[in-house]
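So the structure is just underneath, and the comments pick up after that.
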Amino acid sequence: MDSYFTIAKEGTGIFKEKMSKFLSFAVLVESTEEAKAVVKKYQNEYHDARHVCWAYMLGPDRQEWQLNDNGEPSGTAGKPILGQINSFGLTNVIVVVVRYFGGIKLGTPGLIAAYREAARLALEDGGKKEIHKTQTIKITFPYISSNDVMKIIKSEEIIVQDKIFDNSCEMTLSFREDHADHIKSRLSNISGLSL
């Protein structure tokens, strides 16, 4: 797969069940460190809440994930939150659900349903966007070939990250991974250019 999906913006939700209140937040994250910082932020902000449960999924291939029940019975919070991230097919996202206990126990099925619904609301609010995997290359070419290089850059979806124009020119380019072979083949036809 050359693309993956994540949330379009931060999402929030509120779900109430038998006097308990569940506040949910879906946040875009790129690393474990960012995910842990988000957890810490909500733990500090809602320090008076009984539970701050969470789950995250990272990486284009959706290989890295973690979840936490934060004192709720095992499997009743983090797992249903992660289940919602999976059913939306998202990655690079953390969902934090803050629970204020209302005095009435919900039981295992009730907790699972409540955390699932709270996570769903935040993810739905956050929306969905497609991200394309990219590839970055460095090219060198003689100044005389710069017009040919620029023509290709303008005709394709190529981002110039860095450039040095002198007698010998250098550029760092990035583009969608699924366009890589086509772009490299076009560039390699330019006289004096090396990939």
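Identifiers for the structure tokens are assigned positionally: chains receive A, B, ... in sequence, residues are indexed from 1 per chain, and ligands are indexed from 1 in the order shown.
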Got a sec: who's within 8 Å of Tyr143 (chain A), counting only C-alpha atoms, leaving out chain neighbours fewer than 2 positions off, as number ranges by chain?
A: 141, 145-146, 165-169
What's the 9 Å shell around Thr134 (chain A), counting only C-alpha atoms, without same-chain residues fewer than 4 positions away, as a compact mmCIF listing (two decimals) with N, CA and C atoms, in the first residue's frame?
```
# COMPACT_ATOMS: atom_id res chain seq x y z
N ASP A 2 0.58 2.18 -0.88
CA ASP A 2 1.38 3.40 -0.95
C ASP A 2 0.74 4.53 -0.16
N SER A 3 -0.39 4.27 0.49
CA SER A 3 -1.03 5.32 1.28
C SER A 3 -1.65 4.72 2.54
N SER A 174 11.14 15.18 -3.07
CA SER A 174 10.31 14.12 -2.51
C SER A 174 9.01 14.04 -3.31
N PHE A 175 8.50 12.82 -3.40
CA PHE A 175 7.31 12.54 -4.20
C PHE A 175 6.66 11.26 -3.71
N ARG A 176 5.46 11.03 -4.19
CA ARG A 176 4.72 9.83 -3.79
C ARG A 176 5.50 8.58 -4.18
N GLU A 177 5.53 7.62 -3.26
CA GLU A 177 6.28 6.38 -3.48
C GLU A 177 5.79 5.63 -4.73
N ASP A 178 4.48 5.66 -4.96
CA ASP A 178 3.96 4.91 -6.11
C ASP A 178 4.28 5.60 -7.45
N ALA A 180 7.49 6.80 -7.89
CA ALA A 180 8.95 6.82 -7.86
C ALA A 180 9.59 6.29 -9.15
```
Looking only at the backbone, which of the residues in region 40-161 of chain A does DSSP tag as alpha helix (DSSP H), as a ChimeraX atom specification?
/A:40-45,78-88,107-126,146-155
From a DSSP calculation on the backbone, collect every residue of chain A in strand (DSSP E or B) and output the set as an MDAnalysis selection string.
chainID A and resid 3:6 11:17 20:28 51:58 64:68 90 93:100 129:132 134:142 158:164 168:176 194
Counting only C-alpha atoms, what is within 10 Å of Arg99 (chain A), bar same-chain residues fewer than 2 positions away, as a list in words?
Ile14, Phe15, Lys16, Ser20, Lys21, Phe22, Leu23, Ser24, Tyr46, Asp48, Ala49, Arg50, His51, Val52, Cys53, Glu72, Val96, Val97, Phe101, Gly102, Ala114, Tyr115 and Ala118 of chain A
Need to verify the contact set: Gly11 (chain A), 7 Å, only C-alpha atoms, exclusion of same-chain residues closer than 2 positions in sequence. Can you return it as a VMD selection string?
chain A and resid 9 25 to 27 122 to 123 125 to 126
Got time to write the residues from that selection, N, CA, C and O atoms, as a PDB file, in the first residue's frame?
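Written out: part26.pdb:
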```
ATOM      1  N   LYS A   9      -8.328  16.063  11.618  1.00  0.00           N
ATOM      2  CA  LYS A   9      -8.133  17.093  12.656  1.00  0.00           C
ATOM      3  C   LYS A   9      -8.381  16.440  14.013  1.00  0.00           C
ATOM      4  O   LYS A   9      -8.852  15.308  14.077  1.00  0.00           O
ATOM      5  N   PHE A  25     -10.941  12.058  23.176  1.00  0.00           N
ATOM      6  CA  PHE A  25     -10.093  12.935  22.370  1.00  0.00           C
ATOM      7  C   PHE A  25      -9.284  12.091  21.391  1.00  0.00           C
ATOM      8  O   PHE A  25      -8.616  11.146  21.798  1.00  0.00           O
ATOM      9  N   ALA A  26      -9.346  12.429  20.107  1.00  0.00           N
ATOM     10  CA  ALA A  26      -8.535  11.767  19.083  1.00  0.00           C
ATOM     11  C   ALA A  26      -7.494  12.783  18.626  1.00  0.00           C
ATOM     12  O   ALA A  26      -7.837  13.890  18.211  1.00  0.00           O
ATOM     13  N   VAL A  27      -6.210  12.417  18.736  1.00  0.00           N
ATOM     14  CA  VAL A  27      -5.124  13.352  18.448  1.00  0.00           C
ATOM     15  C   VAL A  27      -4.136  12.706  17.476  1.00  0.00           C
ATOM     16  O   VAL A  27      -3.774  11.536  17.632  1.00  0.00           O
ATOM     17  N   ALA A 122     -15.149  10.462  19.075  1.00  0.00           N
ATOM     18  CA  ALA A 122     -13.963  11.316  18.856  1.00  0.00           C
ATOM     19  C   ALA A 122     -13.384  11.090  17.461  1.00  0.00           C
ATOM     20  O   ALA A 122     -13.010  12.038  16.771  1.00  0.00           O
ATOM     21  N   LEU A 123     -13.322   9.814  17.034  1.00  0.00           N
ATOM     22  CA  LEU A 123     -12.758   9.505  15.715  1.00  0.00           C
ATOM     23  C   LEU A 123     -13.655  10.030  14.592  1.00  0.00           C
ATOM     24  O   LEU A 123     -13.168  10.545  13.582  1.00  0.00           O
ATOM     25  N   ASP A 125     -15.612  12.606  14.815  1.00  0.00           N
ATOM     26  CA  ASP A 125     -15.465  14.056  14.830  1.00  0.00           C
ATOM     27  C   ASP A 125     -14.158  14.487  14.155  1.00  0.00           C
ATOM     28  O   ASP A 125     -14.095  15.525  13.510  1.00  0.00           O
ATOM     29  N   GLY A 126     -13.115  13.660  14.299  1.00  0.00           N
ATOM     30  CA  GLY A 126     -11.810  13.990  13.718  1.00  0.00           C
ATOM     31  C   GLY A 126     -11.749  13.834  12.213  1.00  0.00           C
ATOM     32  O   GLY A 126     -10.879  14.390  11.548  1.00  0.00           O
TER      33      GLY A 126
END
```
At a cut-off of 12 Å, using only C-alpha atoms, what residues contact Val95 (chain A)? Leave out same-chain residues fewer than 3 positions from it and give the result as a PDB file with N, CA, C and O atoms, in the first residue's frame.
```pdb
ATOM      1  N   THR A   6      -5.325   8.653   8.346  1.00  0.00           N
ATOM      2  CA  THR A   6      -5.247   9.149   9.715  1.00  0.00           C
ATOM      3  C   THR A   6      -6.387  10.162   9.896  1.00  0.00           C
ATOM      4  O   THR A   6      -7.186  10.360   8.987  1.00  0.00           O
ATOM      5  N   ILE A   7      -6.451  10.785  11.075  1.00  0.00           N
ATOM      6  CA  ILE A   7      -7.524  11.758  11.299  1.00  0.00           C
ATOM      7  C   ILE A   7      -7.189  13.074  10.579  1.00  0.00           C
ATOM      8  O   ILE A   7      -6.029  13.429  10.438  1.00  0.00           O
ATOM      9  N   GLU A  10      -8.062  17.171  15.085  1.00  0.00           N
ATOM     10  CA  GLU A  10      -8.339  16.630  16.426  1.00  0.00           C
ATOM     11  C   GLU A  10      -9.843  16.467  16.592  1.00  0.00           C
ATOM     12  O   GLU A  10     -10.613  17.335  16.183  1.00  0.00           O
ATOM     13  N   GLY A  11     -10.238  15.341  17.161  1.00  0.00           N
ATOM     14  CA  GLY A  11     -11.656  15.081  17.359  1.00  0.00           C
ATOM     15  C   GLY A  11     -11.986  14.936  18.833  1.00  0.00           C
ATOM     16  O   GLY A  11     -11.140  14.537  19.626  1.00  0.00           O
ATOM     17  N   THR A  12     -13.223  15.258  19.196  1.00  0.00           N
ATOM     18  CA  THR A  12     -13.649  15.113  20.590  1.00  0.00           C
ATOM     19  C   THR A  12     -15.042  14.498  20.635  1.00  0.00           C
ATOM     20  O   THR A  12     -15.782  14.546  19.655  1.00  0.00           O
ATOM     21  N   GLY A  13     -15.358  13.932  21.772  1.00  0.00           N
ATOM     22  CA  GLY A  13     -16.685  13.359  21.962  1.00  0.00           C
ATOM     23  C   GLY A  13     -17.046  13.327  23.434  1.00  0.00           C
ATOM     24  O   GLY A  13     -16.165  13.365  24.297  1.00  0.00           O
ATOM     25  N   LEU A  23     -15.276  11.499  28.378  1.00  0.00           N
ATOM     26  CA  LEU A  23     -14.809  12.542  27.460  1.00  0.00           C
ATOM     27  C   LEU A  23     -13.740  11.906  26.576  1.00  0.00           C
ATOM     28  O   LEU A  23     -12.791  11.304  27.090  1.00  0.00           O
ATOM     29  N   SER A  24     -13.874  12.043  25.269  1.00  0.00           N
ATOM     30  CA  SER A  24     -12.904  11.389  24.391  1.00  0.00           C
ATOM     31  C   SER A  24     -12.208  12.378  23.475  1.00  0.00           C
ATOM     32  O   SER A  24     -12.795  13.387  23.055  1.00  0.00           O
ATOM     33  N   PHE A  25     -10.941  12.058  23.176  1.00  0.00           N
ATOM     34  CA  PHE A  25     -10.093  12.935  22.370  1.00  0.00           C
ATOM     35  C   PHE A  25      -9.284  12.091  21.391  1.00  0.00           C
ATOM     36  O   PHE A  25      -8.616  11.146  21.798  1.00  0.00           O
ATOM     37  N   ALA A  26      -9.346  12.429  20.107  1.00  0.00           N
ATOM     38  CA  ALA A  26      -8.535  11.767  19.083  1.00  0.00           C
ATOM     39  C   ALA A  26      -7.494  12.783  18.626  1.00  0.00           C
ATOM     40  O   ALA A  26      -7.837  13.890  18.211  1.00  0.00           O
ATOM     41  N   VAL A  27      -6.210  12.417  18.736  1.00  0.00           N
ATOM     42  CA  VAL A  27      -5.124  13.352  18.448  1.00  0.00           C
ATOM     43  C   VAL A  27      -4.136  12.706  17.476  1.00  0.00           C
ATOM     44  O   VAL A  27      -3.774  11.536  17.632  1.00  0.00           O
ATOM     45  N   LEU A  28      -3.676  13.490  16.504  1.00  0.00           N
ATOM     46  CA  LEU A  28      -2.689  13.032  15.528  1.00  0.00           C
ATOM     47  C   LEU A  28      -1.326  12.937  16.207  1.00  0.00           C
ATOM     48  O   LEU A  28      -0.891  13.894  16.846  1.00  0.00           O
ATOM     49  N   VAL A  29      -0.664  11.782  16.112  1.00  0.00           N
ATOM     50  CA  VAL A  29       0.690  11.609  16.671  1.00  0.00           C
ATOM     51  C   VAL A  29       1.558  10.864  15.654  1.00  0.00           C
ATOM     52  O   VAL A  29       1.067  10.074  14.867  1.00  0.00           O
ATOM     53  N   ALA A  35       2.779  10.312  21.570  1.00  0.00           N
ATOM     54  CA  ALA A  35       1.595   9.660  22.153  1.00  0.00           C
ATOM     55  C   ALA A  35       1.640   9.746  23.679  1.00  0.00           C
ATOM     56  O   ALA A  35       0.650  10.083  24.325  1.00  0.00           O
ATOM     57  N   LYS A  36       2.820   9.479  24.262  1.00  0.00           N
ATOM     58  CA  LYS A  36       2.961   9.522  25.722  1.00  0.00           C
ATOM     59  C   LYS A  36       2.779  10.943  26.251  1.00  0.00           C
ATOM     60  O   LYS A  36       2.222  11.150  27.328  1.00  0.00           O
ATOM     61  N   VAL A  38       0.820  13.178  24.921  1.00  0.00           N
ATOM     62  CA  VAL A  38      -0.626  13.440  24.864  1.00  0.00           C
ATOM     63  C   VAL A  38      -1.306  12.845  26.101  1.00  0.00           C
ATOM     64  O   VAL A  38      -2.138  13.488  26.741  1.00  0.00           O
ATOM     65  N   VAL A  39      -0.937  11.603  26.438  1.00  0.00           N
ATOM     66  CA  VAL A  39      -1.508  10.942  27.626  1.00  0.00           C
ATOM     67  C   VAL A  39      -1.231  11.794  28.860  1.00  0.00           C
ATOM     68  O   VAL A  39      -2.135  12.083  29.650  1.00  0.00           O
ATOM     69  N   TYR A  42      -3.436  14.926  29.107  1.00  0.00           N
ATOM     70  CA  TYR A  42      -4.819  14.701  29.556  1.00  0.00           C
ATOM     71  C   TYR A  42      -4.874  14.213  31.000  1.00  0.00           C
ATOM     72  O   TYR A  42      -5.817  14.525  31.722  1.00  0.00           O
ATOM     73  N   VAL A  52      -8.116   7.601  33.067  1.00  0.00           N
ATOM     74  CA  VAL A  52      -7.716   8.192  31.787  1.00  0.00           C
ATOM     75  C   VAL A  52      -7.146   7.042  30.963  1.00  0.00           C
ATOM     76  O   VAL A  52      -5.998   6.641  31.120  1.00  0.00           O
ATOM     77  N   CYS A  53      -7.998   6.462  30.122  1.00  0.00           N
ATOM     78  CA  CYS A  53      -7.632   5.274  29.348  1.00  0.00           C
ATOM     79  C   CYS A  53      -7.301   5.680  27.916  1.00  0.00           C
ATOM     80  O   CYS A  53      -7.793   6.700  27.434  1.00  0.00           O
ATOM     81  N   TRP A  54      -6.492   4.857  27.245  1.00  0.00           N
ATOM     82  CA  TRP A  54      -6.061   5.258  25.904  1.00  0.00           C
ATOM     83  C   TRP A  54      -5.581   4.073  25.069  1.00  0.00           C
ATOM     84  O   TRP A  54      -5.306   2.989  25.589  1.00  0.00           O
ATOM     85  N   ALA A  55      -5.464   4.349  23.768  1.00  0.00           N
ATOM     86  CA  ALA A  55      -4.852   3.406  22.824  1.00  0.00           C
ATOM     87  C   ALA A  55      -4.342   4.212  21.646  1.00  0.00           C
ATOM     88  O   ALA A  55      -4.907   5.248  21.311  1.00  0.00           O
ATOM     89  N   TYR A  56      -3.233   3.737  21.076  1.00  0.00           N
ATOM     90  CA  TYR A  56      -2.742   4.404  19.867  1.00  0.00           C
ATOM     91  C   TYR A  56      -2.261   3.392  18.841  1.00  0.00           C
ATOM     92  O   TYR A  56      -1.974   2.242  19.170  1.00  0.00           O
ATOM     93  N   MET A  57      -2.196   3.850  17.593  1.00  0.00           N
ATOM     94  CA  MET A  57      -1.699   3.064  16.473  1.00  0.00           C
ATOM     95  C   MET A  57      -0.744   3.961  15.706  1.00  0.00           C
ATOM     96  O   MET A  57      -1.058   5.129  15.460  1.00  0.00           O
ATOM     97  N   LEU A  58       0.441   3.419  15.355  1.00  0.00           N
ATOM     98  CA  LEU A  58       1.451   4.220  14.662  1.00  0.00           C
ATOM     99  C   LEU A  58       1.982   3.524  13.415  1.00  0.00           C
ATOM    100  O   LEU A  58       1.971   2.297  13.323  1.00  0.00           O
ATOM    101  N   TRP A  65       1.519  -0.382  18.175  1.00  0.00           N
ATOM    102  CA  TRP A  65       0.346   0.067  18.920  1.00  0.00           C
ATOM    103  C   TRP A  65       0.521  -0.236  20.402  1.00  0.00           C
ATOM    104  O   TRP A  65       1.360  -1.051  20.791  1.00  0.00           O
ATOM    105  N   GLN A  66      -0.267   0.435  21.196  1.00  0.00           N
ATOM    106  CA  GLN A  66      -0.248   0.212  22.641  1.00  0.00           C
ATOM    107  C   GLN A  66      -1.599   0.632  23.193  1.00  0.00           C
ATOM    108  O   GLN A  66      -2.294   1.462  22.591  1.00  0.00           O
ATOM    109  N   LEU A  67      -1.982   0.044  24.319  1.00  0.00           N
ATOM    110  CA  LEU A  67      -3.238   0.430  24.955  1.00  0.00           C
ATOM    111  C   LEU A  67      -3.092   0.353  26.460  1.00  0.00           C
ATOM    112  O   LEU A  67      -2.169  -0.274  26.972  1.00  0.00           O
ATOM    113  N   ASN A  68      -4.004   1.044  27.169  1.00  0.00           N
ATOM    114  CA  ASN A  68      -3.923   1.079  28.622  1.00  0.00           C
ATOM    115  C   ASN A  68      -5.320   1.235  29.218  1.00  0.00           C
ATOM    116  O   ASN A  68      -6.070   2.122  28.831  1.00  0.00           O
ATOM    117  N   ALA A  77     -11.314  -1.133  28.481  1.00  0.00           N
ATOM    118  CA  ALA A  77     -11.151   0.257  28.040  1.00  0.00           C
ATOM    119  C   ALA A  77     -10.216   0.365  26.830  1.00  0.00           C
ATOM    120  O   ALA A  77     -10.634   0.733  25.742  1.00  0.00           O
ATOM    121  N   GLY A  78      -8.932   0.049  27.035  1.00  0.00           N
ATOM    122  CA  GLY A  78      -7.943   0.181  25.961  1.00  0.00           C
ATOM    123  C   GLY A  78      -8.284  -0.640  24.730  1.00  0.00           C
ATOM    124  O   GLY A  78      -8.164  -0.166  23.595  1.00  0.00           O
ATOM    125  N   LYS A  79      -8.755  -1.868  24.952  1.00  0.00           N
ATOM    126  CA  LYS A  79      -9.064  -2.765  23.829  1.00  0.00           C
ATOM    127  C   LYS A  79     -10.220  -2.245  22.957  1.00  0.00           C
ATOM    128  O   LYS A  79     -10.088  -2.194  21.735  1.00  0.00           O
ATOM    129  N   PRO A  80     -11.358  -1.843  23.549  1.00  0.00           N
ATOM    130  CA  PRO A  80     -12.414  -1.281  22.702  1.00  0.00           C
ATOM    131  C   PRO A  80     -12.017   0.042  22.026  1.00  0.00           C
ATOM    132  O   PRO A  80     -12.466   0.322  20.920  1.00  0.00           O
ATOM    133  N   ILE A  81     -11.137   0.825  22.668  1.00  0.00           N
ATOM    134  CA  ILE A  81     -10.654   2.065  22.038  1.00  0.00           C
ATOM    135  C   ILE A  81      -9.830   1.696  20.798  1.00  0.00           C
ATOM    136  O   ILE A  81     -10.049   2.225  19.708  1.00  0.00           O
ATOM    137  N   LEU A  82      -8.885   0.753  20.984  1.00  0.00           N
ATOM    138  CA  LEU A  82      -8.053   0.312  19.857  1.00  0.00           C
ATOM    139  C   LEU A  82      -8.911  -0.321  18.762  1.00  0.00           C
ATOM    140  O   LEU A  82      -8.664  -0.122  17.570  1.00  0.00           O
ATOM    141  N   GLY A  83      -9.949  -1.030  19.176  1.00  0.00           N
ATOM    142  CA  GLY A  83     -10.870  -1.655  18.220  1.00  0.00           C
ATOM    143  C   GLY A  83     -11.516  -0.623  17.306  1.00  0.00           C
ATOM    144  O   GLY A  83     -11.696  -0.857  16.104  1.00  0.00           O
ATOM    145  N   GLN A  84     -11.835   0.555  17.855  1.00  0.00           N
ATOM    146  CA  GLN A  84     -12.424   1.617  17.041  1.00  0.00           C
ATOM    147  C   GLN A  84     -11.403   2.214  16.073  1.00  0.00           C
ATOM    148  O   GLN A  84     -11.716   2.481  14.913  1.00  0.00           O
ATOM    149  N   ILE A  85     -10.159   2.392  16.535  1.00  0.00           N
ATOM    150  CA  ILE A  85      -9.092   2.885  15.644  1.00  0.00           C
ATOM    151  C   ILE A  85      -8.966   1.911  14.466  1.00  0.00           C
ATOM    152  O   ILE A  85      -8.880   2.326  13.308  1.00  0.00           O
ATOM    153  N   ASN A  86      -8.990   0.600  14.774  1.00  0.00           N
ATOM    154  CA  ASN A  86      -8.885  -0.421  13.720  1.00  0.00           C
ATOM    155  C   ASN A  86     -10.083  -0.422  12.790  1.00  0.00           C
ATOM    156  O   ASN A  86      -9.936  -0.549  11.580  1.00  0.00           O
ATOM    157  N   LEU A  90      -7.424   3.521  10.774  1.00  0.00           N
ATOM    158  CA  LEU A  90      -6.542   4.679  10.940  1.00  0.00           C
ATOM    159  C   LEU A  90      -5.198   4.316  11.551  1.00  0.00           C
ATOM    160  O   LEU A  90      -5.055   3.278  12.190  1.00  0.00           O
ATOM    161  N   THR A  91      -4.234   5.206  11.372  1.00  0.00           N
ATOM    162  CA  THR A  91      -2.947   5.090  12.051  1.00  0.00           C
ATOM    163  C   THR A  91      -2.464   6.490  12.412  1.00  0.00           C
ATOM    164  O   THR A  91      -3.101   7.485  12.049  1.00  0.00           O
ATOM    165  N   ASN A  92      -1.333   6.552  13.131  1.00  0.00           N
ATOM    166  CA  ASN A  92      -0.778   7.823  13.617  1.00  0.00           C
ATOM    167  C   ASN A  92      -1.832   8.611  14.394  1.00  0.00           C
ATOM    168  O   ASN A  92      -2.007   9.815  14.204  1.00  0.00           O
ATOM    169  N   VAL A  98     -11.411   9.918  28.975  1.00  0.00           N
ATOM    170  CA  VAL A  98     -11.389  10.295  30.390  1.00  0.00           C
ATOM    171  C   VAL A  98     -12.746   9.924  30.980  1.00  0.00           C
ATOM    172  O   VAL A  98     -13.783  10.306  30.439  1.00  0.00           O
ATOM    173  N   TYR A 115     -16.714   2.705  26.409  1.00  0.00           N
ATOM    174  CA  TYR A 115     -15.410   3.132  25.879  1.00  0.00           C
ATOM    175  C   TYR A 115     -15.396   3.060  24.347  1.00  0.00           C
ATOM    176  O   TYR A 115     -14.828   3.916  23.678  1.00  0.00           O
ATOM    177  N   ARG A 116     -16.040   2.037  23.806  1.00  0.00           N
ATOM    178  CA  ARG A 116     -16.114   1.892  22.347  1.00  0.00           C
ATOM    179  C   ARG A 116     -16.854   3.097  21.747  1.00  0.00           C
ATOM    180  O   ARG A 116     -16.403   3.696  20.781  1.00  0.00           O
ATOM    181  N   GLU A 117     -17.993   3.438  22.342  1.00  0.00           N
ATOM    182  CA  GLU A 117     -18.814   4.536  21.827  1.00  0.00           C
ATOM    183  C   GLU A 117     -18.096   5.879  21.971  1.00  0.00           C
ATOM    184  O   GLU A 117     -18.105   6.703  21.046  1.00  0.00           O
ATOM    185  N   ALA A 118     -17.438   6.114  23.104  1.00  0.00           N
ATOM    186  CA  ALA A 118     -16.706   7.373  23.319  1.00  0.00           C
ATOM    187  C   ALA A 118     -15.586   7.516  22.279  1.00  0.00           C
ATOM    188  O   ALA A 118     -15.409   8.582  21.684  1.00  0.00           O
ATOM    189  N   ALA A 119     -14.846   6.425  22.039  1.00  0.00           N
ATOM    190  CA  ALA A 119     -13.763   6.452  21.045  1.00  0.00           C
ATOM    191  C   ALA A 119     -14.331   6.719  19.653  1.00  0.00           C
ATOM    192  O   ALA A 119     -13.793   7.520  18.886  1.00  0.00           O
ATOM    193  N   ARG A 120     -15.442   6.067  19.321  1.00  0.00           N
ATOM    194  CA  ARG A 120     -16.069   6.233  18.003  1.00  0.00           C
ATOM    195  C   ARG A 120     -16.447   7.701  17.769  1.00  0.00           C
ATOM    196  O   ARG A 120     -16.207   8.255  16.697  1.00  0.00           O
ATOM    197  N   LEU A 121     -17.023   8.340  18.794  1.00  0.00           N
ATOM    198  CA  LEU A 121     -17.452   9.736  18.669  1.00  0.00           C
ATOM    199  C   LEU A 121     -16.269  10.667  18.368  1.00  0.00           C
ATOM    200  O   LEU A 121     -16.362  11.541  17.504  1.00  0.00           O
ATOM    201  N   ALA A 122     -15.149  10.462  19.075  1.00  0.00           N
ATOM    202  CA  ALA A 122     -13.963  11.316  18.856  1.00  0.00           C
ATOM    203  C   ALA A 122     -13.384  11.090  17.461  1.00  0.00           C
ATOM    204  O   ALA A 122     -13.010  12.038  16.771  1.00  0.00           O
ATOM    205  N   LEU A 123     -13.322   9.814  17.034  1.00  0.00           N
ATOM    206  CA  LEU A 123     -12.758   9.505  15.715  1.00  0.00           C
ATOM    207  C   LEU A 123     -13.655  10.030  14.592  1.00  0.00           C
ATOM    208  O   LEU A 123     -13.168  10.545  13.582  1.00  0.00           O
ATOM    209  N   GLU A 124     -14.940   9.909  14.792  1.00  0.00           N
ATOM    210  CA  GLU A 124     -15.887  10.408  13.794  1.00  0.00           C
ATOM    211  C   GLU A 124     -15.755  11.930  13.674  1.00  0.00           C
ATOM    212  O   GLU A 124     -15.768  12.486  12.576  1.00  0.00           O
ATOM    213  N   ASP A 125     -15.612  12.606  14.815  1.00  0.00           N
ATOM    214  CA  ASP A 125     -15.465  14.056  14.830  1.00  0.00           C
ATOM    215  C   ASP A 125     -14.158  14.487  14.155  1.00  0.00           C
ATOM    216  O   ASP A 125     -14.095  15.525  13.510  1.00  0.00           O
ATOM    217  N   GLY A 126     -13.115  13.660  14.299  1.00  0.00           N
ATOM    218  CA  GLY A 126     -11.810  13.990  13.718  1.00  0.00           C
ATOM    219  C   GLY A 126     -11.749  13.834  12.213  1.00  0.00           C
ATOM    220  O   GLY A 126     -10.879  14.390  11.548  1.00  0.00           O
TER     221      GLY A 126
END
```
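Using only C-alpha atoms, the shortest contact distance between Gln43 (chain A) and any of A:Asn189, A:Ser31, A:Asn70, A:Gln135 is found at A:Asn70.
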Min atom-atom distance to Asp69 (chain A) from the set A:Leu111, A:Lys41, A:Ile131, A:Glu30, counting only C-alpha atoms, belongs to A:Leu111
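For the set A:Lys18, A:Lys105, A:Arg62, A:Arg186, the residue with the smallest atom-to-atom gap to Lys151 (chain A) is A:Arg186, counting only C-alpha atoms.
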Using only C-alpha atoms, pick whichever of A:Ile152, A:Ile94, A:Leu187, A:Ile104 has the shortest atom-to-atom distance to Ile139 (chain A).
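Nearest candidate to Ile139 (chain A) out of A:Ile152, A:Ile94, A:Leu187, A:Ile104: A:Leu187.
Picture a line from CA of Asn147 (chain A) to CA of Lys133 (chain A); it runs 27.5 Å.
Considering only C-alpha atoms, the residue among A:Asp162, A:Glu170, A:Leu106, A:Ile153 positioned nearest to Glu17 (chain A) is A:Leu106.
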